[in-house]
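Just upload-v5.cif here, mmCIF, C-alpha atoms:
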data_upload
loop_
_atom_site.label_atom_id
_atom_site.label_comp_id
_atom_site.auth_asym_id
_atom_site.auth_seq_id
_atom_site.Cartn_x
_atom_site.Cartn_y
_atom_site.Cartn_z
CA MET A 1 191.50 125.12 32.18
CA LYS A 2 193.76 124.67 29.18
CA GLN A 3 196.93 122.55 29.22
CA ILE A 4 200.10 123.22 27.20
CA SER A 5 203.11 120.92 27.26
CA SER A 6 205.47 122.27 24.57
CA VAL A 7 207.77 125.29 24.63
CA ASN A 8 207.19 125.53 20.88
CA ASN A 9 203.48 126.11 21.34
CA LYS A 10 202.37 129.28 19.51
CA PHE A 11 200.67 130.75 22.59
CA ILE A 12 203.76 130.16 24.75
CA LYS A 13 205.93 131.88 22.14
CA GLU A 14 203.60 134.90 22.25
CA ILE A 15 203.78 135.01 26.05
CA GLU A 16 207.58 134.75 25.94
CA LYS A 17 207.71 137.84 23.72
CA LEU A 18 206.25 139.88 26.59
CA ASN A 19 209.74 139.93 28.08
CA LYS A 20 210.58 142.40 25.29
CA LYS A 21 209.55 146.07 25.44
CA LYS A 22 208.58 146.25 21.77
CA TYR A 23 206.07 143.44 22.09
CA ARG A 24 204.68 144.81 25.35
CA GLU A 25 204.00 148.09 23.58
CA GLU A 26 202.41 146.35 20.60
CA THR A 27 200.07 144.18 22.67
CA GLY A 28 199.42 146.43 25.66
CA MET A 29 200.18 143.50 27.96
CA TYR A 30 202.99 142.60 30.34
CA LEU A 31 204.16 139.57 32.27
CA ILE A 32 204.84 139.20 36.00
CA GLU A 33 206.22 136.19 37.81
CA GLY A 34 206.16 134.73 41.30
CA PHE A 35 203.75 134.27 44.18
CA HIS A 36 204.40 137.58 45.91
CA LEU A 37 203.44 139.60 42.81
CA PHE A 38 200.54 137.20 42.28
CA GLU A 39 199.29 137.96 45.82
CA GLU A 40 199.72 141.71 45.38
CA ALA A 41 197.89 141.64 42.05
CA LEU A 42 194.95 139.84 43.68
CA LYS A 43 194.86 142.27 46.61
CA ALA A 44 194.79 145.16 44.14
CA LYS A 45 191.97 143.44 42.22
CA GLN A 46 193.97 143.40 39.00
CA LYS A 47 192.27 141.65 36.10
CA LEU A 48 194.27 138.55 35.22
CA LEU A 49 194.24 138.14 31.45
CA TYR A 50 196.04 134.81 31.79
CA LEU A 51 197.52 132.79 34.61
CA LEU A 52 200.11 130.17 33.66
CA ALA A 53 201.38 127.75 36.29
CA THR A 54 202.61 124.23 36.88
CA ASP A 55 200.42 121.70 38.68
CA THR A 56 202.13 122.36 42.01
CA ALA A 57 201.85 126.14 41.66
CA LEU A 58 198.20 125.90 40.59
CA SER A 59 197.37 123.93 43.72
CA LYS A 60 198.84 126.74 45.79
CA ALA A 61 197.07 129.40 43.69
CA GLU A 62 193.76 127.63 44.33
CA GLU A 63 194.19 128.45 48.03
CA TYR A 64 193.77 132.12 47.08
CA GLY A 65 190.34 131.48 45.61
CA ILE A 66 191.43 131.12 41.99
CA ASP A 67 189.07 129.02 39.88
CA ILE A 68 191.60 126.77 38.19
CA GLU A 69 188.98 125.54 35.74
CA ALA A 70 188.54 129.02 34.23
CA LYS A 71 189.37 129.49 30.53
CA ASN A 72 192.21 131.93 31.23
CA ILE A 73 194.06 129.43 33.45
CA ILE A 74 196.85 127.60 31.61
CA LEU A 75 198.49 124.51 33.05
CA ILE A 76 202.15 124.32 31.98
CA ASN A 77 205.02 121.98 32.78
CA LYS A 78 208.35 122.75 34.46
CA ALA A 79 210.14 123.00 31.10
CA ILE A 80 207.83 125.82 29.98
CA ALA A 81 208.14 127.51 33.37
CA ARG A 82 211.95 127.52 33.02
CA HIS A 83 211.59 128.79 29.46
CA LEU A 84 209.38 131.73 30.47
CA SER A 85 211.18 132.60 33.68
CA SER A 86 213.46 135.62 33.95
CA THR A 87 214.81 134.34 37.27
CA LYS A 88 217.23 131.53 38.15
CA ASN A 89 214.76 129.71 40.41
CA SER A 90 211.25 130.05 39.04
CA GLN A 91 208.23 129.80 41.33
CA GLU A 92 206.42 128.43 38.26
CA ILE A 93 203.55 130.93 38.25
CA PHE A 94 203.11 133.73 35.68
CA LEU A 95 200.45 136.40 35.19
CA VAL A 96 199.63 138.40 32.09
CA LEU A 97 198.17 141.82 32.93
CA ARG A 98 196.96 144.78 30.90
CA ILE A 99 199.15 147.89 30.71
CA ALA A 100 196.98 150.75 31.93
CA GLN A 101 198.64 154.11 31.37
CA PRO A 102 196.28 157.08 31.88
CA LYS A 103 196.05 159.47 28.91
CA GLN A 104 195.30 162.38 31.20
CA PHE A 105 196.53 162.80 34.76
CA SER A 106 196.31 165.57 37.36
CA PHE A 107 199.27 166.39 39.60
CA ASN A 108 197.43 168.96 41.71
CA TYR A 109 198.06 167.26 45.06
CA GLY A 110 200.44 165.16 47.09
CA LYS A 111 204.06 164.09 47.00
CA TRP A 112 205.66 162.75 43.85
CA VAL A 113 209.02 161.47 42.63
CA LEU A 114 210.04 162.40 39.09
CA LEU A 115 212.60 160.13 37.42
CA ASP A 116 214.66 161.85 34.74
CA ASN A 117 216.04 159.28 32.30
CA LEU A 118 217.00 156.63 34.87
CA ALA A 119 218.58 153.65 33.14
CA ASP A 120 218.95 150.96 35.80
CA PRO A 121 215.84 148.79 36.32
CA GLY A 122 216.84 147.90 39.88
CA ASN A 123 217.12 151.58 40.80
CA VAL A 124 213.77 152.46 39.28
CA GLY A 125 211.97 149.59 40.99
CA THR A 126 213.62 150.32 44.33
CA ILE A 127 212.73 154.03 44.17
CA ILE A 128 209.10 153.21 43.41
CA ARG A 129 209.00 150.73 46.30
CA THR A 130 210.56 153.35 48.62
CA ALA A 131 208.08 156.03 47.52
CA ASP A 132 205.27 153.58 48.28
CA ALA A 133 206.69 152.78 51.73
CA ALA A 134 207.07 156.49 52.54
CA GLY A 135 203.47 157.26 51.63
CA PHE A 136 204.15 159.23 48.46
CA ASN A 137 201.31 159.48 45.95
CA GLY A 138 203.24 158.27 42.94
CA VAL A 139 206.19 158.28 40.58
CA ILE A 140 206.44 159.94 37.18
CA LEU A 141 208.94 158.51 34.71
CA SER A 142 210.30 160.37 31.71
CA PRO A 143 209.69 158.49 28.44
CA GLU A 144 213.47 157.97 28.19
CA SER A 145 213.67 156.13 31.51
CA VAL A 146 213.94 152.34 31.62
CA ASP A 147 210.69 150.59 30.73
CA LEU A 148 208.36 150.41 33.73
CA TYR A 149 207.22 146.92 32.67
CA ASN A 150 210.73 145.49 32.41
CA PRO A 151 210.79 142.20 34.43
CA LYS A 152 213.68 143.48 36.59
CA VAL A 153 211.75 146.65 37.42
CA GLN A 154 208.68 144.57 38.29
CA ARG A 155 210.70 142.36 40.66
CA ALA A 156 212.35 145.35 42.35
CA MET A 157 208.97 147.05 42.91
CA GLN A 158 207.73 143.97 44.81
CA GLY A 159 204.08 144.85 44.20
CA SER A 160 204.33 148.61 44.83
CA GLN A 161 203.20 149.11 41.22
CA PHE A 162 199.72 148.26 42.49
CA HIS A 163 199.81 150.73 45.40
CA VAL A 164 200.93 154.07 43.95
CA ASP A 165 200.21 155.99 40.75
CA LEU A 166 202.83 155.41 38.06
CA VAL A 167 202.81 157.71 35.06
CA ILE A 168 205.06 157.95 32.00
CA LYS A 169 205.12 161.59 30.91
CA ASP A 170 207.32 164.43 29.69
CA LEU A 171 208.83 165.92 32.85
CA SER A 172 208.95 169.53 31.62
CA GLU A 173 205.18 169.47 31.09
CA THR A 174 204.74 167.74 34.42
CA ILE A 175 206.71 170.37 36.33
CA MET A 176 204.60 173.11 34.74
CA GLN A 177 201.48 171.27 35.93
CA PHE A 178 202.92 171.17 39.45
CA HIS A 179 203.54 174.90 39.35
CA GLU A 180 199.99 175.55 38.18
CA SER A 181 198.90 173.98 41.47
CA ASP A 182 201.55 175.90 43.47
CA ILE A 183 203.44 172.70 44.27
CA PRO A 184 207.23 173.23 44.54
CA VAL A 185 209.61 170.97 42.63
CA TYR A 186 213.13 170.26 43.86
CA ALA A 187 215.97 168.80 41.79
CA SER A 188 218.49 166.47 43.37
CA MET A 189 221.90 167.45 42.00
CA LEU A 190 225.43 168.58 42.72
CA ASP A 191 225.49 172.26 41.84
CA VAL A 192 227.16 175.38 43.22
CA ASN A 193 223.69 176.81 43.91
CA ALA A 194 222.32 173.65 45.51
CA LYS A 195 221.40 173.58 49.19
CA LYS A 196 222.01 170.79 51.68
CA LEU A 197 219.05 168.47 52.18
CA PRO A 198 218.71 169.29 55.93
CA GLU A 199 218.02 172.93 55.00
CA PHE A 200 214.69 171.92 53.46
CA ALA A 201 211.65 171.79 55.72
CA LYS A 202 209.15 168.96 55.49
CA ILE A 203 206.18 170.09 53.37
CA PRO A 204 202.85 168.40 52.54
CA GLN A 205 203.19 168.59 48.76
CA LEU A 206 206.18 168.52 46.41
CA GLY A 207 207.84 167.04 43.37
CA LEU A 208 211.29 165.52 43.80
CA VAL A 209 213.40 165.09 40.64
CA ILE A 210 215.99 162.28 40.58
CA GLY A 211 218.45 162.32 37.69
CA ASN A 212 220.15 159.76 35.49
CA GLU A 213 222.75 157.60 37.25
CA ALA A 214 225.65 158.87 35.12
CA HIS A 215 224.60 162.38 34.08
CA GLY A 216 222.25 163.60 36.80
CA VAL A 217 219.25 165.85 36.23
CA ASN A 218 219.04 167.45 32.80
CA LYS A 219 220.16 171.09 33.15
CA GLN A 220 217.18 172.49 31.26
CA LEU A 221 214.86 170.49 33.48
CA ALA A 222 216.70 171.67 36.59
CA GLU A 223 216.14 175.30 35.57
CA LEU A 224 212.39 174.69 35.72
CA CYS A 225 212.65 173.52 39.34
CA ASP A 226 212.12 175.79 42.33
CA ASP A 227 215.31 174.76 44.07
CA LYS A 228 218.25 172.35 43.95
CA MET A 229 219.36 170.08 46.78
CA TYR A 230 222.12 167.64 47.58
CA ILE A 231 222.95 165.11 50.29
CA PRO A 232 226.15 165.98 52.19
CA ILE A 233 228.84 163.28 52.02
CA TYR A 234 231.00 163.09 55.14
CA GLY A 235 233.24 160.21 54.15
CA LYS A 236 235.43 159.60 51.12
CA ALA A 237 232.79 158.13 48.77
CA GLU A 238 232.45 160.20 45.63
CA SER A 239 228.69 159.80 45.39
CA LEU A 240 225.65 157.75 46.41
CA ASN A 241 223.73 155.19 44.39
CA ALA A 242 220.68 156.84 42.78
CA ALA A 243 218.18 154.64 44.62
CA VAL A 244 219.91 155.17 47.98
CA ALA A 245 220.04 158.94 47.48
CA ALA A 246 216.40 158.98 46.42
CA GLY A 247 215.44 156.96 49.50
CA ILE A 248 217.16 159.42 51.85
CA MET A 249 215.42 162.37 50.18
CA ILE A 250 212.04 160.68 50.00
CA TYR A 251 212.07 159.90 53.74
CA HIS A 252 213.26 163.42 54.56
CA PHE A 253 209.92 164.65 53.18
CA ALA A 254 207.77 161.68 54.27
#
Output the structure of this file as structure tokens.
Amino acid sequence: MKQISSVNNKFIKEIEKLNKKKYREETGMYLIEGFHLFEEALKAKQKLLYLLATDTALSKAEEYGIDIEAKNIILINKAIARHLSSTKNSQEIFLVLRIAQPKQFSFNYGKWVLLDNLADPGNVGTIIRTADAAGFNGVILSPESVDLYNPKVQRAMQGSQFHVDLVIKDLSETIMQFHESDIPVYASMLDVNAKKLPEFAKIPQLGLVIGNEAHGVNKQLAELCDDKMYIPIYGKAESLNAAVAAGIMIYHFA
């Protein structure tokens, strides 16, 4: 076990940079924080590149079978924990994991959510968590969507990133792959040709496209879909939050 006591330590500065997308992309690593994500990572048998924790947090981590004398275990103080934390009340435990995006992926089965340029990290994380809870196979994010490894997305997913397949890929290509396997793709959008969600029967395989919070599903992308759907609003609200709408649709097909 290595011990670091200064926030100005070179290694700590490198770890801190993992809170930025550019550095995550350069290093192929990302940072997660907190005991719940730590537990989920262990359950999923994720390889821990580094584990940084205070003395108190390390004692708790040892209860999970972690060898605290291992070379990749770093003992830090509370000042460093506050420095690294992206939350107000840090649990003083941090994990560095490897980003593992598949170069090739088959979408020839199952139920999937496709996120078209979603910008809010809380929405993205919540949709992924909901897809996991509903038994969907995975979520595909357009390259323009918020970064999957953003700390806010990680917190909102609550460990679901270890349970379902998450792929960053061009959605037009993805939809064509779905069609090659005779899997229908539905776009969630307000459109004169859209049908009410209750009109759609539950089916064993599908792709469900959720659009950007402000602009909805890209029109060109929508034209590639087999059908368009919307959730009826019976009150006076103009619209639903993207994550809430996605959750209703996901469970309709669960």
Worksheet item: Could you name the residues that touch region 28-31 of chain A at 6 Å or less, counting only C-alpha atoms, but leaving out those on the same chain fewer than 4 positions away, as a ChimeraX atom specification?
Response: /A:18,24,95-99
Worksheet item: Using only C-alpha atoms, which residues sit within 12 Å of Lys60 (chain A) once same-chain residues fewer than 4 positions away are excluded, as a PyMOL selection string?
Response: chain A and resi 34-35+38-39+53-56+64-68+91-93
Practice prompt. Spell out the residues picked by the PyMOL selection byres ((chain A and resi 44) around 12) here, as a list in words.
Written response: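 This file, filtered by the PyMOL selection byres ((chain A and resi 44) around 12), leaves Leu37, Phe38, Glu39, Glu40, Ala41, Leu42, Lys43, Lys45, Gln46, Lys47, Leu48, Gly159, Ser160, Gln161, Phe162, His163 and Val164 of chain A.
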Discussion item. Residue by residue, what does the PyMOL selection byres ((chain A and resi 7) around 9) grab here? Present the result as a PyMOL selection string.
Written reply: chain A and resi 4-6+8-10+12-13+79-80+83-84
Please write as a PDB file with C-alpha atoms, in the coordinates of the input the full residue list that the PyMOL selection byres ((chain A and resi 144) around 12) yields on this file.
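This is the output file selection.pdb:
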ATOM      1  CA  LEU A 115     212.600 160.130  37.420  1.00  0.00           C
ATOM      2  CA  ASP A 116     214.660 161.850  34.740  1.00  0.00           C
ATOM      3  CA  ASN A 117     216.040 159.280  32.300  1.00  0.00           C
ATOM      4  CA  LEU A 118     217.000 156.630  34.870  1.00  0.00           C
ATOM      5  CA  ALA A 119     218.580 153.650  33.140  1.00  0.00           C
ATOM      6  CA  ASP A 120     218.950 150.960  35.800  1.00  0.00           C
ATOM      7  CA  ILE A 140     206.440 159.940  37.180  1.00  0.00           C
ATOM      8  CA  LEU A 141     208.940 158.510  34.710  1.00  0.00           C
ATOM      9  CA  SER A 142     210.300 160.370  31.710  1.00  0.00           C
ATOM     10  CA  PRO A 143     209.690 158.490  28.440  1.00  0.00           C
ATOM     11  CA  SER A 145     213.670 156.130  31.510  1.00  0.00           C
ATOM     12  CA  VAL A 146     213.940 152.340  31.620  1.00  0.00           C
ATOM     13  CA  ASP A 147     210.690 150.590  30.730  1.00  0.00           C
ATOM     14  CA  LEU A 148     208.360 150.410  33.730  1.00  0.00           C
ATOM     15  CA  ILE A 168     205.060 157.950  32.000  1.00  0.00           C
ATOM     16  CA  LYS A 169     205.120 161.590  30.910  1.00  0.00           C
ATOM     17  CA  ASP A 170     207.320 164.430  29.690  1.00  0.00           C
ATOM     18  CA  LEU A 171     208.830 165.920  32.850  1.00  0.00           C
ATOM     19  CA  GLY A 211     218.450 162.320  37.690  1.00  0.00           C
ATOM     20  CA  ASN A 212     220.150 159.760  35.490  1.00  0.00           C
ATOM     21  CA  ASN A 218     219.040 167.450  32.800  1.00  0.00           C
TER      22      ASN A 218
END
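Between Phe94 (chain A) and the candidates A:Ala187, A:Val124, A:Ile32, A:Val113, the tightest atom-to-atom separation, counting only C-alpha atoms, involves A:Ile32.
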